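*Asks:* File name start_10.tsv; file contents TSV, C-alpha atoms; full text below.
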```tsv
chain	number	residue	atom	x	y	z
A	1	LYS	CA	31.94	28.03	37.83
A	2	GLN	CA	28.21	28.40	38.32
A	3	GLU	CA	26.14	28.47	35.15
A	4	VAL	CA	22.42	29.18	34.97
A	5	THR	CA	20.31	28.05	32.04
A	6	GLN	CA	16.75	29.04	31.28
A	7	ILE	CA	14.40	27.21	28.98
A	8	PRO	CA	12.63	28.16	26.82
A	9	ALA	CA	14.33	31.32	25.56
A	10	ALA	CA	10.99	32.65	24.40
A	11	LEU	CA	7.39	31.69	24.96
A	12	SER	CA	4.17	33.00	23.48
A	13	VAL	CA	0.82	32.02	24.98
A	14	PRO	CA	-2.79	33.16	24.77
A	15	GLU	CA	-4.24	35.06	27.69
A	16	GLY	CA	-5.55	32.89	30.49
A	17	GLU	CA	-3.14	30.01	30.06
A	18	ASN	CA	-1.10	28.60	32.90
A	19	LEU	CA	2.58	28.32	32.11
A	20	VAL	CA	5.88	27.11	33.48
A	21	LEU	CA	9.32	28.63	33.06
A	22	ASN	CA	12.37	26.52	33.77
A	23	CYS	CA	15.73	27.32	35.30
A	24	SER	CA	18.67	25.00	35.95
A	25	PHE	CA	22.01	25.61	37.61
A	26	THR	CA	25.19	23.57	37.53
A	27	ASP	CA	26.42	23.97	41.12
A	28	SER	CA	23.82	22.91	43.65
A	29	ALA	CA	25.65	24.66	46.51
A	30	ILE	CA	23.53	27.76	46.28
A	31	TYR	CA	22.51	30.15	49.03
A	32	ASN	CA	19.29	31.25	47.40
A	33	LEU	CA	17.53	31.56	44.06
A	34	GLN	CA	15.55	34.50	42.79
A	35	TRP	CA	13.16	35.08	39.96
A	36	PHE	CA	13.10	38.57	38.46
A	37	ARG	CA	11.01	40.32	35.90
A	38	GLN	CA	12.63	42.68	33.39
A	39	ASP	CA	10.64	44.97	31.14
A	40	PRO	CA	12.29	46.27	27.94
A	41	GLY	CA	15.04	48.77	28.73
A	42	LYS	CA	14.07	48.73	32.39
A	43	GLY	CA	15.52	47.53	35.62
A	44	LEU	CA	14.73	44.33	37.40
A	45	THR	CA	11.88	43.64	39.78
A	46	SER	CA	12.33	40.82	42.22
A	47	LEU	CA	9.34	38.45	42.08
A	48	LEU	CA	10.22	35.61	44.39
A	49	LEU	CA	13.20	34.53	46.45
A	50	ILE	CA	13.69	30.97	47.61
A	51	GLN	CA	16.24	30.17	50.27
A	52	SER	CA	18.24	26.99	49.73
A	53	SER	CA	16.38	25.31	52.58
A	54	GLN	CA	12.97	26.03	51.06
A	55	ARG	CA	11.06	24.11	48.42
A	56	GLU	CA	8.76	26.80	47.11
A	57	GLN	CA	7.47	30.33	47.42
A	58	THR	CA	4.18	31.83	46.31
A	59	SER	CA	3.08	35.34	45.55
A	60	GLY	CA	-0.33	35.87	44.01
A	61	ARG	CA	-0.48	34.03	40.68
A	62	LEU	CA	3.20	33.14	40.86
A	63	ASN	CA	4.67	30.03	42.38
A	64	ALA	CA	8.36	29.18	42.33
A	65	SER	CA	9.75	25.81	43.26
A	66	LEU	CA	13.28	24.75	44.01
A	67	ASP	CA	14.88	21.32	43.79
A	68	LYS	CA	18.36	22.12	44.95
A	69	SER	CA	19.75	18.60	44.64
A	70	SER	CA	18.85	18.38	40.97
A	71	GLY	CA	19.75	22.00	40.29
A	72	ARG	CA	16.35	23.04	39.05
A	73	SER	CA	13.72	25.66	39.67
A	74	THR	CA	10.43	26.41	38.00
A	75	LEU	CA	8.29	29.51	37.92
A	76	TYR	CA	4.61	28.78	37.50
A	77	ILE	CA	2.34	31.59	36.33
A	78	ALA	CA	-1.36	30.97	36.66
A	79	ALA	CA	-4.02	32.55	34.47
A	80	SER	CA	-1.56	34.59	32.46
A	81	GLN	CA	-2.40	38.17	31.48
A	82	PRO	CA	-1.00	40.49	28.78
A	83	GLY	CA	0.58	42.52	31.57
A	84	ASP	CA	2.73	39.51	32.40
A	85	SER	CA	4.59	39.98	29.12
A	86	ALA	CA	8.23	40.58	30.03
A	87	THR	CA	11.53	38.77	30.30
A	88	TYR	CA	11.82	36.55	33.34
A	89	LEU	CA	15.26	36.04	34.81
A	90	CYS	CA	16.46	33.39	37.19
A	91	ALA	CA	19.51	34.09	39.35
A	92	VAL	CA	21.36	32.29	42.13
A	93	THR	CA	23.74	33.34	44.84
A	94	GLN	CA	26.32	31.18	46.55
A	95	GLY	CA	27.09	31.15	50.25
A	96	GLY	CA	28.73	34.25	51.67
A	97	SER	CA	28.21	36.29	48.53
A	98	GLU	CA	25.59	38.72	47.34
A	99	LYS	CA	26.75	38.28	43.77
A	100	LEU	CA	24.02	37.06	41.48
A	101	VAL	CA	24.63	34.68	38.59
A	102	PHE	CA	21.90	35.16	36.03
A	103	GLY	CA	20.41	33.04	33.31
A	104	LYS	CA	19.72	34.58	29.90
A	105	GLY	CA	16.05	34.81	30.64
A	106	THR	CA	12.79	33.69	29.08
A	107	LYS	CA	10.94	36.27	27.04
A	108	LEU	CA	7.24	35.79	27.66
A	109	THR	CA	4.52	37.20	25.46
A	110	VAL	CA	0.92	36.85	26.55
A	111	ASN	CA	-1.45	37.57	23.70
A	112	PRO	CA	-4.88	39.12	24.38
B	1	GLY	CA	10.01	49.42	48.75
B	2	ALA	CA	13.48	50.89	48.48
B	3	VAL	CA	14.30	52.87	45.36
B	4	VAL	CA	17.49	52.91	43.33
B	5	SER	CA	17.76	55.69	40.79
B	6	GLN	CA	20.07	55.31	37.81
B	7	HIS	CA	20.92	58.06	35.32
B	8	PRO	CA	21.04	58.55	32.48
B	9	SER	CA	18.62	55.99	31.11
B	10	ARG	CA	20.05	56.28	27.64
B	11	VAL	CA	23.22	57.84	26.27
B	12	ILE	CA	24.72	58.05	22.82
B	13	CYS	CA	28.31	59.15	22.53
B	14	LYS	CA	31.15	59.29	20.07
B	15	SER	CA	33.97	56.81	20.16
B	16	GLY	CA	36.80	57.99	22.40
B	17	THR	CA	34.68	59.98	24.81
B	18	SER	CA	33.96	59.10	28.43
B	19	VAL	CA	30.55	58.49	29.89
B	20	LYS	CA	29.53	58.62	33.55
B	21	ILE	CA	26.58	56.66	34.89
B	22	GLU	CA	25.18	57.38	38.34
B	23	CYS	CA	23.47	55.00	40.71
B	24	ARG	CA	21.75	56.42	43.78
B	25	SER	CA	19.94	54.75	46.63
B	26	LEU	CA	17.19	57.25	47.37
B	27	ASP	CA	15.82	56.17	50.71
B	28	PHE	CA	18.47	53.94	52.20
B	29	GLN	CA	22.20	53.75	52.65
B	30	ALA	CA	24.05	51.18	50.61
B	31	THR	CA	27.53	50.19	51.61
B	32	THR	CA	27.67	47.85	48.66
B	33	MET	CA	26.51	48.35	45.10
B	34	PHE	CA	26.95	46.10	42.09
B	35	TRP	CA	27.41	46.99	38.44
B	36	TYR	CA	26.19	44.62	35.75
B	37	ARG	CA	26.39	44.66	31.97
B	38	GLN	CA	24.01	42.98	29.58
B	39	PHE	CA	24.65	42.45	25.89
B	40	PRO	CA	21.67	41.69	23.63
B	41	LYS	CA	20.23	38.24	24.24
B	42	GLN	CA	22.87	37.55	26.88
B	43	SER	CA	22.70	37.23	30.64
B	44	LEU	CA	23.40	40.05	33.01
B	45	MET	CA	27.06	39.75	33.89
B	46	LEU	CA	28.55	41.17	37.05
B	47	MET	CA	31.29	43.68	36.29
B	48	ALA	CA	32.31	44.86	39.71
B	49	THR	CA	31.37	45.23	43.33
B	50	SER	CA	31.48	48.78	44.61
B	51	ASN	CA	32.16	49.32	48.31
B	52	GLU	CA	31.73	52.69	49.96
B	53	GLY	CA	35.04	54.23	50.91
B	54	SER	CA	37.23	51.59	49.30
B	55	LYS	CA	38.34	50.38	45.92
B	56	ALA	CA	35.93	48.43	43.78
B	57	THR	CA	36.42	44.73	43.22
B	58	TYR	CA	36.37	43.83	39.56
B	59	GLU	CA	35.36	40.52	38.04
B	60	GLN	CA	37.80	38.63	35.91
B	61	GLY	CA	38.14	40.09	32.44
B	62	VAL	CA	36.80	43.53	33.35
B	63	GLU	CA	39.35	46.31	32.84
B	64	LYS	CA	39.47	48.47	35.94
B	65	ASP	CA	41.18	51.31	34.13
B	66	LYS	CA	38.45	51.41	31.53
B	67	PHE	CA	35.49	51.07	33.85
B	68	LEU	CA	36.16	53.45	36.72
B	69	ILE	CA	33.96	53.01	39.75
B	70	ASN	CA	33.65	55.52	42.54
B	71	HIS	CA	31.55	54.95	45.65
B	72	ALA	CA	32.25	58.10	47.58
B	73	SER	CA	29.11	58.11	49.70
B	74	LEU	CA	26.62	55.65	51.11
B	75	THR	CA	24.03	56.67	48.55
B	76	LEU	CA	25.99	57.14	45.35
B	77	SER	CA	28.14	54.99	43.11
B	78	THR	CA	29.30	56.04	39.68
B	79	LEU	CA	30.57	54.04	36.73
B	80	THR	CA	32.65	55.89	34.17
B	81	VAL	CA	33.31	54.23	30.85
B	82	THR	CA	36.53	55.83	29.69
B	83	SER	CA	37.50	56.19	26.05
B	84	ALA	CA	34.37	54.37	24.98
B	85	HIS	CA	34.38	52.21	21.88
B	86	PRO	CA	31.51	50.66	19.94
B	87	GLU	CA	32.11	47.31	21.62
B	88	ASP	CA	31.29	48.98	24.95
B	89	SER	CA	27.75	49.55	23.72
B	90	SER	CA	25.58	47.65	26.15
B	91	PHE	CA	22.94	47.88	28.85
B	92	TYR	CA	24.49	48.77	32.20
B	93	ILE	CA	22.54	48.31	35.40
B	94	CYS	CA	23.36	48.82	39.05
B	95	SER	CA	21.98	47.28	42.19
B	96	ALA	CA	22.25	48.31	45.80
B	97	VAL	CA	22.18	46.17	48.89
B	98	LEU	CA	19.96	47.12	51.80
B	99	GLY	CA	21.34	45.48	54.88
B	100	VAL	CA	23.42	42.34	54.63
B	101	GLU	CA	21.10	39.93	52.88
B	102	ALA	CA	20.98	39.36	49.14
B	103	GLU	CA	17.20	39.44	49.26
B	104	LYS	CA	17.37	43.12	50.10
B	105	LEU	CA	18.77	43.84	46.66
B	106	PHE	CA	17.28	46.63	44.59
B	107	PHE	CA	18.04	47.44	40.97
B	108	GLY	CA	18.25	50.67	39.08
B	109	SER	CA	16.38	51.07	35.81
B	110	GLY	CA	19.52	50.65	33.72
B	111	THR	CA	21.43	52.71	31.17
B	112	GLN	CA	21.53	51.89	27.49
B	113	LEU	CA	24.89	53.03	26.15
B	114	SER	CA	25.42	53.38	22.43
B	115	VAL	CA	28.89	54.30	21.21
B	116	LEU	CA	29.08	55.49	17.62
```
Here is the file; what I need is its structure written in the form of structure tokens.

*Replies:*
Amino acid sequence: KQEVTQIPAALSVPEGENLVLNCSFTDSAIYNLQWFRQDPGKGLTSLLLIQSSQREQTSGRLNASLDKSSGRSTLYIAASQPGDSATYLCAVTQGGSEKLVFGKGTKLTVNP
Amino acid sequence: GAVVSQHPSRVICKSGTSVKIECRSLDFQATTMFWYRQFPKQSLMLMATSNEGSKATYEQGVEKDKFLINHASLTLSTLTVTSAHPEDSSFYICSAVLGVEAEKLFFGSGTQLSVL
């Protein structure tokens, strides 16, 4: 059974810092991995999707990497801003399925 | 991007009553929708896969008679929590698939259910 773990559970940083969020998964036979953002009581916004054959994806100040063989992914946020404060979720899908297996998330607070 | 509308955003009900949550794809047709549940400080857990025109597929441990799912059209899926109890209090969120790829997956804004 696939399990996704995210570390740390919470992170508080001053504005402007670069930071890294970690995600690990137990079954390396994934189809893709996604990073989402969740604001309190809100839905999810997809940030980046990495196919299993890819190593990384970038969007603006965000960069996600994937090391499938070791079962790890990182989300790098450059020059953090207070507006980045949210919970960041990592999720994987396995071949032939659109079902997402989520981690518990990392709650990020960026202080002005 | 595609929009998925979920209503209500918050509902408080008495124990024993039933609550219906709607999930609509506003600008695309979704043959498949997913329903997730999230308890505080826990991961989003898939409850069931809703397929238009057929019965929903429930994940292990999810009671199909308690969580009724109806996907009668390509733009609407509903989740009804029947005879709700306090332990059903949770954040429920739906997602809809655009096309056949998981990357075309859009989420509703979620429903916070509180059962008194």

*Asks:* For the point (26.8, 53.7, 48.2) in the file's frame, write as JSON, numbers by chain all residues with an atom no more than 6 Å away, counting all atoms listed in the file.

*Replies:* {"B": [30, 31, 32, 52, 71, 73, 74, 75, 76, 77]}

*Asks:* Please return as JSON, numbers by chain every residue within 9 Å of (12.3, 31.2, 27.9), taking into account only C-alpha atoms and the file's own coordinates.

*Replies:* {"A": [6, 7, 8, 9, 10, 11, 21, 22, 87, 88, 89, 104, 105, 106, 107, 108]}

*Asks:* Within 10 Å of Leu44 (chain A), counting all atoms listed in the file, which residues show up once you throw out same-chain ones fewer than 6 positions away? Write them as a compact mmCIF listing (two decimals) with C-alpha atoms, in the coordinates of the input, please.

*Replies:*
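The resulting file, around_2.txt, is reproduced below:
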```txt
# COMPACT_ATOMS: atom_id res chain seq x y z
CA TRP A 35 13.16 35.08 39.96
CA PHE A 36 13.10 38.57 38.46
CA ARG A 37 11.01 40.32 35.90
CA GLN A 38 12.63 42.68 33.39
CA THR A 87 11.53 38.77 30.30
CA TYR A 88 11.82 36.55 33.34
CA LEU A 89 15.26 36.04 34.81
CA ILE B 93 22.54 48.31 35.40
CA CYS B 94 23.36 48.82 39.05
CA SER B 95 21.98 47.28 42.19
CA PHE B 106 17.28 46.63 44.59
CA PHE B 107 18.04 47.44 40.97
CA GLY B 108 18.25 50.67 39.08
CA SER B 109 16.38 51.07 35.81
CA GLY B 110 19.52 50.65 33.72
```

*Asks:* Please determine the contact residues of chain A with respect to chain B at a cut-off of 10 Å, counting all atoms listed in the file, and supply them as a ChimeraX atom specification.

*Replies:* /A:4-5,9,31-34,38-39,41-46,48-51,89-93,96-107

*Asks:* Between CA of Val115 (chain B) and CA of Glu59 (chain B), what distance in Å does the model show, to one decimal?

*Replies:*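 So the two atoms, CA of Val115 (chain B) and CA of Glu59 (chain B), lie 22.7 Å apart.
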
*Asks:* Report the distance between CA of Leu62 (chain A) and CA of Pro112 (chain A) in Å, rounded to one decimal place.

*Replies:*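 Computing it gives 19.3 Å between the two atoms.
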
*Asks:* Write out as a count of residues only the residues lying within 10 Å of Leu79 (chain B), counting all atoms listed in the file and excluding same-chain residues fewer than 6 positions away.

*Replies:* 17

*Asks:* Could you check the closest approach to Arg72 (chain A) for each of A:Gln54, A:Ser59, A:Gln94, A:Thr26 and tell me which residue wins, using all atoms listed in the file?

*Replies:*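 When distances to Arg72 (chain A) are compared using all atoms listed in the file, the smallest one comes from A:Thr26.
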
*Asks:* Rounded to one decimal place, report the CA of Leu113 (chain B)-CA of Thr82 (chain B) distance in Å.

*Replies:*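 Interatomic distance here is 12.5 Å.
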
*Asks:* What lies within 7 Å of Leu66 (chain A) using only C-alpha atoms, ignoring chain neighbours under 3 positions off, as a PDB file with C-alpha atoms, in the frame of the given file?

*Replies:*
```pdb
ATOM      1  CA  ARG A  55      11.060  24.110  48.420  1.00  0.00           C
ATOM      2  CA  GLU A  56       8.760  26.800  47.110  1.00  0.00           C
ATOM      3  CA  ARG A  72      16.350  23.040  39.050  1.00  0.00           C
ATOM      4  CA  SER A  73      13.720  25.660  39.670  1.00  0.00           C
ATOM      5  CA  THR A  74      10.430  26.410  38.000  1.00  0.00           C
TER       6      THR A  74
END
```

*Asks:* Where's the centre, and what are the edge lengths in Å to one decimal, of a box along x, y and z enclosing all listed atoms of region 22-31 of chain B padded 8 Å per side, as AutoDock Vina command-line options?

*Replies:*
```
--center_x 21.7 --center_y 53.8 --center_z 45.5 --size_x 27.7 --size_y 23.2 --size_z 30.3
```

*Asks:* Point out the residue among B:Ser83, B:Ala2, B:Phe39, B:Lys64 with the least atom-to-atom distance to Leu26 (chain B), counting only C-alpha atoms.

*Replies:*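 The answer is B:Ala2, which sits nearest to Leu26 (chain B).
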
*Asks:* Counting all atoms listed in the file, what is within 8 Å of Ile77 (chain A), bar same-chain residues fewer than 4 positions away, as a PyMOL selection string?

*Replies:* chain A and resi 18-20+61-63

*Asks:* From the options A:Gln57, A:Ser52, A:Ser12, A:Ser70, which residue's atoms come nearest to Val110 (chain A), counting all atoms listed in the file?

*Replies:*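 The shortest atom-to-atom distance to Val110 (chain A) comes from A:Ser12.
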